[in-house]
Amino acid sequence: MSTVRMIFKELWHRKINFLLGVLAVTVAVAFFVAFQTAARASNRETARLMLSMGYNLHVIAWDADVGDFLMTGVANATMPESHLETLASQKNISYNHLLAVLEKQMIWRDVPVLVTGLAPEVCPPGRKKPPMVFQIEPGTAYIGYQVAVRLGIEKGNKIEIDGTQLEVARCLAESGGVDDMRIQCHLADAQQILACPGQISEIQAVDCLCFVEGADPLEMLRTEIGAILPDTQVLQAKSMADARARQRQMVFKTFAVMVPFVVIACGVWVGVLAIMNVRERQTEIGLLRALGYGAAKIGGLFLGKAMLTGLLGALVGFGAGATLALVFGPEIFRLTARTTVRPEAVVLLQSLAAAPLFSIVASFVPVMFAVSYDPAATLREE
Amino acid sequence: MIVLGDVSKTYRTRAGQVKALDGIGLEIPAGEFVAVRGPSGSGKTTLLMVIAGMLRPSAGTVAVGGQDVFAMSQQERARFRARNIGFVFQMFHLVPYLNIAENVRLAARADGTDHSSEVPQLLDRLGLAGRATHKPAELSAGEKQRTAIARALLNRPKIILADEPTGNLDPENAGTVMKHLADFQQAGGTVVVATHGPAADDFATRVVSLRDGRPDEMK
Ligand SMILES: Nc1ncnc2c1ncn2[C@@H]1O[C@H](COP(=O)(O)OP(=O)(O)OP(=O)(O)O)[C@@H](O)[C@H]1O
Ligand SMILES: [Mg+2]
């Protein structure tokens, strides 16, 4: 009779033992799956929020007044444009999306405006990402909503600011923020308008420290950038998103500690069931040996059963875990409605691969005892 | 033919050594029905296990059909046993999750030469025809033991070793079981039965009495 048939007949005969084993694997898998599923959703949410926060890192000149910068959003001193290249050419850094900005308030045609010159965004080597802002061609300008309305500027108009000619490429929609008072142009044009050749007032960047363990990210950034550009100051805008990411990270860590414990406990559980099963089947093992069956066949009966236990546990556990994640995930990981928790195919595959292996490993020692039983001893009449 | 040459078996336990077989020399020609008798603890089971090659003696040699059983590798010995020796136990040792036909067929595969097509006739001969698809738990003790005998017979062994095969049976069933073993012997097989009592005496061509691991007297 084939090993597989014997396994199935034995499963059916000792349903309780089998179901308890499946339950153990189910619990372990469910825990793992719930955690993974929710954690993946949480990561998606963090990535989304971080991006929507925009440039949260500001590098300004050493002699710029921080208080002034914080109040006005504009640095009152400049630094060389070459700083951008210096930052961008570094490897292994914790920021990305570098943007050189030269910005200054001025009165133009009796209206206070903020002239903002932007160089095309650069990324450090090997970290190319699509730019987060529009690119402005030299010789063109994007006019903020309030400025355009007050001065009656329209797309296609030619304007002149302090002797520099610009064509209006776009008039921007109302933002309700400082952007409405901006005239945005290429960095080179702004340098000409503001008479600051080769100078910038700020480098904006996005930090990538959302998931760094332990260390204070700002401290890290300051050390990192301070070593490269000693004549600058680094400011990081903290936000709700940041705080939430941190909160989630705490939950994440708690679970990351709990999952191995649950898995180990379930492993022990599976192992104990295997011991019970082997003990109950001692005379069967002895009989098979007496009939001339080898260790491979006998080991196969038990390990095959362990594998089936793992497979079934993985399927049921995935269902249970994904359901748990769907129901409780958003609460525990504080996800907003815009991030959906969904069953992850990768996690299912991981479970299907890992659970049978896990079950086999947990049963391995008792099974090795089983195959080495002395048939003479087990068949001895009591 | 089974030849034991000065076989001793000493069990080592924490409480000390137990001499279960003490220099037994024994020749059992093919075609005999030997009853091994003796009180509890006299070494009957140990003797059968040694003949079967499942228990290595502390000293002495065991030859079955002219082959030194313990000179073989473990694998060879397992194959040799599957091909030549059938077993019947006091506790039947049927696999509880397989039905009767499957239990009998279990012996087939280990051997390699597949006699499983003969299972129905075998069950029929042992009066188990209507029981093929029943589980062991649904059978009487006598039926269980007859199943075990069918399993032992399936590979057409040369020898059947039976350890207290009637120990759990009433006299009528015990008689039936002994009769089947005798049929096997009549057909040319060799039978060695270990018993406490006289159950096998009517069928035996020879009785070996054991006392403290030594042959006591012979008939
Ligand atoms: N595994 C073992 N370890 C230690 N001593 C053993 C072991 N098996 C048997 N013995 C001892 O060896 C002696 C012979 O045992 P054995 O089982 O062969 O006797 P038996 O004649 O079959 O007895 P019974 O009629 O009760 O079945 C006994 O004294 C027994 O206690
Ligand atoms: Mg005995």
# chains A, B, ... in the order shown; residues from 1 in each chain; ligands from 1
>>> residues_near_ligand(ligand="ligand 2", cutoff="8 Å", atoms="only C-alpha atoms and all ligand atoms", output="JSON, numbers by chain")
{"A": [380, 381, 382], "B": [40, 41, 43, 44, 45, 46, 163, 164, 194]}
>>> interface_residues(of="chain A", to="chain B", cutoff="10 Å", atoms="only C-alpha atoms", output="VMD selection string")
chain A and resid 1 to 2 5 to 14 281 283 to 294 297 374 to 377 379 to 382
>>> write_last_selection(atoms="N, CA, C and O atoms", output="short mmCIF file (atom, residue, chain, number, x, y, z; two decimals), in the first residue's frame")
data_model
loop_
_atom_site.label_atom_id
_atom_site.label_comp_id
_atom_site.auth_asym_id
_atom_site.auth_seq_id
_atom_site.Cartn_x
_atom_site.Cartn_y
_atom_site.Cartn_z
N MET A 1 0.84 -1.19 0.00
CA MET A 1 0.00 0.00 0.00
C MET A 1 0.87 1.24 0.00
O MET A 1 1.90 1.30 0.67
N SER A 2 0.50 2.22 -0.78
CA SER A 2 1.35 3.40 -0.90
C SER A 2 1.37 4.17 0.42
O SER A 2 0.43 4.15 1.21
N ARG A 5 -1.48 6.67 0.83
CA ARG A 5 -2.77 6.09 1.25
C ARG A 5 -2.76 5.76 2.73
O ARG A 5 -3.73 5.99 3.45
N MET A 6 -1.64 5.19 3.17
CA MET A 6 -1.56 4.84 4.59
C MET A 6 -1.65 6.09 5.45
O MET A 6 -2.32 6.10 6.49
N ILE A 7 -1.00 7.17 5.00
CA ILE A 7 -1.05 8.41 5.77
C ILE A 7 -2.50 8.88 5.90
O ILE A 7 -2.96 9.22 6.99
N PHE A 8 -3.20 8.89 4.76
CA PHE A 8 -4.58 9.39 4.80
C PHE A 8 -5.47 8.51 5.68
O PHE A 8 -6.31 9.03 6.42
N LYS A 9 -5.26 7.20 5.61
CA LYS A 9 -6.08 6.32 6.44
C LYS A 9 -5.79 6.55 7.92
O LYS A 9 -6.69 6.53 8.76
N GLU A 10 -4.51 6.78 8.22
CA GLU A 10 -4.16 7.01 9.62
C GLU A 10 -4.75 8.34 10.10
O GLU A 10 -5.27 8.45 11.20
N LEU A 11 -4.67 9.35 9.25
CA LEU A 11 -5.24 10.67 9.59
C LEU A 11 -6.71 10.52 9.95
O LEU A 11 -7.20 11.06 10.94
N TRP A 12 -7.39 9.76 9.10
CA TRP A 12 -8.82 9.60 9.29
C TRP A 12 -9.10 8.85 10.58
O TRP A 12 -10.03 9.18 11.32
N HIS A 13 -8.26 7.87 10.85
CA HIS A 13 -8.46 7.05 12.04
C HIS A 13 -8.19 7.85 13.32
O HIS A 13 -8.90 7.71 14.31
N ARG A 14 -7.15 8.69 13.28
CA ARG A 14 -6.81 9.48 14.48
C ARG A 14 -7.03 10.95 14.16
O ARG A 14 -6.11 11.75 14.17
N ARG A 281 1.86 4.56 18.29
CA ARG A 281 2.04 3.68 17.14
C ARG A 281 3.29 2.81 17.25
O ARG A 281 3.76 2.27 16.25
N THR A 283 3.79 -0.23 18.39
CA THR A 283 3.71 -1.61 17.93
C THR A 283 3.51 -1.65 16.41
O THR A 283 3.99 -2.56 15.75
N GLU A 284 2.82 -0.65 15.88
CA GLU A 284 2.66 -0.59 14.42
C GLU A 284 4.04 -0.46 13.76
O GLU A 284 4.34 -1.14 12.77
N ILE A 285 4.86 0.40 14.36
CA ILE A 285 6.21 0.59 13.83
C ILE A 285 6.99 -0.73 13.92
O ILE A 285 7.63 -1.17 12.95
N GLY A 286 6.89 -1.37 15.10
CA GLY A 286 7.57 -2.65 15.28
C GLY A 286 7.09 -3.68 14.27
O GLY A 286 7.89 -4.41 13.68
N LEU A 287 5.79 -3.70 14.04
CA LEU A 287 5.23 -4.66 13.09
C LEU A 287 5.77 -4.40 11.68
O LEU A 287 6.19 -5.32 10.99
N LEU A 288 5.76 -3.12 11.27
CA LEU A 288 6.25 -2.80 9.93
C LEU A 288 7.71 -3.23 9.79
O LEU A 288 8.11 -3.76 8.76
N ARG A 289 8.47 -2.99 10.85
CA ARG A 289 9.87 -3.42 10.81
C ARG A 289 9.95 -4.94 10.68
O ARG A 289 10.74 -5.45 9.88
N ALA A 290 9.13 -5.63 11.47
CA ALA A 290 9.15 -7.09 11.42
C ALA A 290 8.76 -7.58 10.03
O ALA A 290 9.24 -8.60 9.56
N LEU A 291 7.87 -6.84 9.37
CA LEU A 291 7.47 -7.23 8.02
C LEU A 291 8.51 -6.85 6.98
O LEU A 291 8.33 -7.11 5.79
N GLY A 292 9.57 -6.18 7.43
CA GLY A 292 10.66 -5.89 6.51
C GLY A 292 10.66 -4.48 5.94
O GLY A 292 11.44 -4.17 5.05
N TYR A 293 9.79 -3.60 6.45
CA TYR A 293 9.79 -2.22 5.97
C TYR A 293 11.00 -1.49 6.55
O TYR A 293 11.36 -1.68 7.71
N GLY A 294 11.58 -0.62 5.73
CA GLY A 294 12.77 0.11 6.16
C GLY A 294 12.45 1.42 6.84
O GLY A 294 11.29 1.83 6.93
N LYS A 297 10.47 4.10 4.71
CA LYS A 297 9.01 3.97 4.64
C LYS A 297 8.38 4.46 5.96
O LYS A 297 7.40 5.22 5.94
N ASP A 374 13.42 -0.51 18.39
CA ASP A 374 13.80 -1.91 18.23
C ASP A 374 12.53 -2.74 18.12
O ASP A 374 11.72 -2.77 19.05
N PRO A 375 12.30 -3.38 17.00
CA PRO A 375 11.03 -4.10 16.82
C PRO A 375 10.86 -5.19 17.88
O PRO A 375 9.74 -5.43 18.35
N ALA A 376 11.96 -5.81 18.26
CA ALA A 376 11.85 -6.87 19.27
C ALA A 376 11.28 -6.33 20.57
O ALA A 376 10.46 -6.96 21.22
N ALA A 377 11.70 -5.11 20.90
CA ALA A 377 11.23 -4.53 22.16
C ALA A 377 9.77 -4.11 22.07
O ALA A 377 9.00 -4.29 23.01
N LEU A 379 7.43 -5.27 20.06
CA LEU A 379 6.48 -6.33 19.79
C LEU A 379 6.37 -7.33 20.93
O LEU A 379 5.54 -8.23 20.91
N ARG A 380 7.25 -7.18 21.90
CA ARG A 380 7.25 -8.09 23.04
C ARG A 380 5.88 -8.09 23.72
O ARG A 380 5.30 -7.05 23.97
N GLU A 381 5.39 -9.24 23.98
CA GLU A 381 4.07 -9.32 24.62
C GLU A 381 4.17 -8.88 26.07
O GLU A 381 5.11 -9.23 26.76
N GLU A 382 3.17 -8.12 26.47
CA GLU A 382 3.20 -7.66 27.87
C GLU A 382 2.57 -8.73 28.74
O GLU A 382 1.58 -9.33 28.37
#
>>> residues_around(residues="stretch 178-182 of chain B", least_positions_apart="5", cutoff="9 Å", atoms="only C-alpha atoms", output="MDAnalysis selection string")
chainID B and resid 33 126 146 149 160 162 165:166 173 187 189 191 199:200 203:204
>>> write_last_selection(atoms="N, CA, C and O atoms", output="PDB file, in the first residue's frame")
ATOM      1  N   PHE B  33       6.548 -29.203  13.265  1.00  0.00           N
ATOM      2  CA  PHE B  33       5.687 -28.315  14.057  1.00  0.00           C
ATOM      3  C   PHE B  33       6.207 -28.399  15.479  1.00  0.00           C
ATOM      4  O   PHE B  33       5.964 -29.384  16.174  1.00  0.00           O
ATOM      5  N   LEU B 126      -9.504 -18.684   5.602  1.00  0.00           N
ATOM      6  CA  LEU B 126      -9.445 -18.501   7.051  1.00  0.00           C
ATOM      7  C   LEU B 126     -10.800 -18.092   7.616  1.00  0.00           C
ATOM      8  O   LEU B 126     -10.900 -17.662   8.770  1.00  0.00           O
ATOM      9  N   ARG B 146      -6.902 -14.810  13.177  1.00  0.00           N
ATOM     10  CA  ARG B 146      -6.910 -15.441  11.851  1.00  0.00           C
ATOM     11  C   ARG B 146      -6.421 -14.449  10.790  1.00  0.00           C
ATOM     12  O   ARG B 146      -5.755 -14.834   9.829  1.00  0.00           O
ATOM     13  N   ILE B 149      -2.816 -14.529  10.940  1.00  0.00           N
ATOM     14  CA  ILE B 149      -2.277 -15.728  10.292  1.00  0.00           C
ATOM     15  C   ILE B 149      -2.298 -15.555   8.767  1.00  0.00           C
ATOM     16  O   ILE B 149      -1.334 -15.887   8.077  1.00  0.00           O
ATOM     17  N   ILE B 160       6.786 -20.283   9.997  1.00  0.00           N
ATOM     18  CA  ILE B 160       5.931 -19.372  10.760  1.00  0.00           C
ATOM     19  C   ILE B 160       6.325 -19.462  12.224  1.00  0.00           C
ATOM     20  O   ILE B 160       6.431 -20.563  12.796  1.00  0.00           O
ATOM     21  N   ALA B 162       5.141 -18.312  15.886  1.00  0.00           N
ATOM     22  CA  ALA B 162       3.940 -17.812  16.550  1.00  0.00           C
ATOM     23  C   ALA B 162       4.190 -17.738  18.048  1.00  0.00           C
ATOM     24  O   ALA B 162       4.547 -18.743  18.669  1.00  0.00           O
ATOM     25  N   PRO B 165       0.053 -17.560  20.207  1.00  0.00           N
ATOM     26  CA  PRO B 165      -0.986 -17.107  19.279  1.00  0.00           C
ATOM     27  C   PRO B 165      -2.383 -17.347  19.826  1.00  0.00           C
ATOM     28  O   PRO B 165      -3.343 -16.744  19.345  1.00  0.00           O
ATOM     29  N   THR B 166      -2.501 -18.201  20.818  1.00  0.00           N
ATOM     30  CA  THR B 166      -3.837 -18.499  21.334  1.00  0.00           C
ATOM     31  C   THR B 166      -4.035 -17.942  22.733  1.00  0.00           C
ATOM     32  O   THR B 166      -5.043 -18.201  23.380  1.00  0.00           O
ATOM     33  N   ASN B 173     -11.633 -21.077  19.470  1.00  0.00           N
ATOM     34  CA  ASN B 173     -10.831 -20.280  18.537  1.00  0.00           C
ATOM     35  C   ASN B 173      -9.380 -20.709  18.559  1.00  0.00           C
ATOM     36  O   ASN B 173      -8.703 -20.711  17.527  1.00  0.00           O
ATOM     37  N   ALA B 187       1.397 -28.573   4.602  1.00  0.00           N
ATOM     38  CA  ALA B 187       1.730 -28.189   3.226  1.00  0.00           C
ATOM     39  C   ALA B 187       3.230 -28.030   3.038  1.00  0.00           C
ATOM     40  O   ALA B 187       3.679 -27.584   1.979  1.00  0.00           O
ATOM     41  N   GLY B 189       5.429 -26.411   5.409  1.00  0.00           N
ATOM     42  CA  GLY B 189       6.065 -25.334   6.167  1.00  0.00           C
ATOM     43  C   GLY B 189       6.580 -25.799   7.519  1.00  0.00           C
ATOM     44  O   GLY B 189       6.257 -26.882   7.989  1.00  0.00           O
ATOM     45  N   VAL B 191       6.770 -24.796  11.550  1.00  0.00           N
ATOM     46  CA  VAL B 191       6.071 -23.956  12.518  1.00  0.00           C
ATOM     47  C   VAL B 191       6.770 -24.040  13.861  1.00  0.00           C
ATOM     48  O   VAL B 191       7.107 -25.147  14.310  1.00  0.00           O
ATOM     49  N   ALA B 199      -1.830 -26.089  24.562  1.00  0.00           N
ATOM     50  CA  ALA B 199      -2.687 -25.822  23.412  1.00  0.00           C
ATOM     51  C   ALA B 199      -2.164 -26.411  22.118  1.00  0.00           C
ATOM     52  O   ALA B 199      -2.929 -26.860  21.269  1.00  0.00           O
ATOM     53  N   ALA B 200      -0.834 -26.402  21.942  1.00  0.00           N
ATOM     54  CA  ALA B 200      -0.271 -26.823  20.667  1.00  0.00           C
ATOM     55  C   ALA B 200       0.115 -28.299  20.652  1.00  0.00           C
ATOM     56  O   ALA B 200       0.487 -28.836  19.612  1.00  0.00           O
ATOM     57  N   PHE B 203      -0.969 -30.830  18.017  1.00  0.00           N
ATOM     58  CA  PHE B 203      -0.530 -30.662  16.635  1.00  0.00           C
ATOM     59  C   PHE B 203       0.983 -30.798  16.486  1.00  0.00           C
ATOM     60  O   PHE B 203       1.486 -30.996  15.400  1.00  0.00           O
ATOM     61  N   ALA B 204       1.674 -30.643  17.606  1.00  0.00           N
ATOM     62  CA  ALA B 204       3.126 -30.558  17.528  1.00  0.00           C
ATOM     63  C   ALA B 204       3.743 -31.895  17.162  1.00  0.00           C
ATOM     64  O   ALA B 204       3.295 -32.948  17.599  1.00  0.00           O
TER      65      ALA B 204
END
>>> atom_distance(atom1="atom 9 (C, counted along the ligand's line) of ligand 1", atom2="atom CA of B:Met1")
25.5 Å
>>> closest_residue(among="B:Val18, B:Ala132, B:Val208, B:Val104", to="ligand 1", atoms="only C-alpha atoms and all ligand atoms")
B:Val18
>>> residues_around(residues="A:Val59", least_positions_apart="4", cutoff="9 Å", atoms="only C-alpha atoms", output="list in words")
Ser201, Glu202, Ile203, Gln204, Ala205, Ile225, Thr232, Gln233, Val234, Leu235 and Gln236 of chain A
>>> write_last_selection(atoms="C-alpha atoms", output="CSV table (one decimal), in the first residue's frame")
chain,number,residue,atom,x,y,z
A,201,SER,CA,19.3,79.7,-0.2
A,202,GLU,CA,18.2,76.2,0.6
A,203,ILE,CA,18.5,72.6,-0.4
A,204,GLN,CA,15.3,70.6,0.2
A,205,ALA,CA,15.3,66.9,0.5
A,225,ILE,CA,25.3,66.2,6.4
A,232,THR,CA,25.2,74.4,6.8
A,233,GLN,CA,22.4,73.8,9.2
A,234,VAL,CA,19.9,71.0,8.9
A,235,LEU,CA,16.2,71.2,9.8
A,236,GLN,CA,13.7,68.5,9.7
>>> select_by_dssp(residues="stretch 56-170 of chain B", states="strand (DSSP E)", output="VMD selection string")
chain B and resid 59 to 64 67 to 68 85 to 88 159 to 163
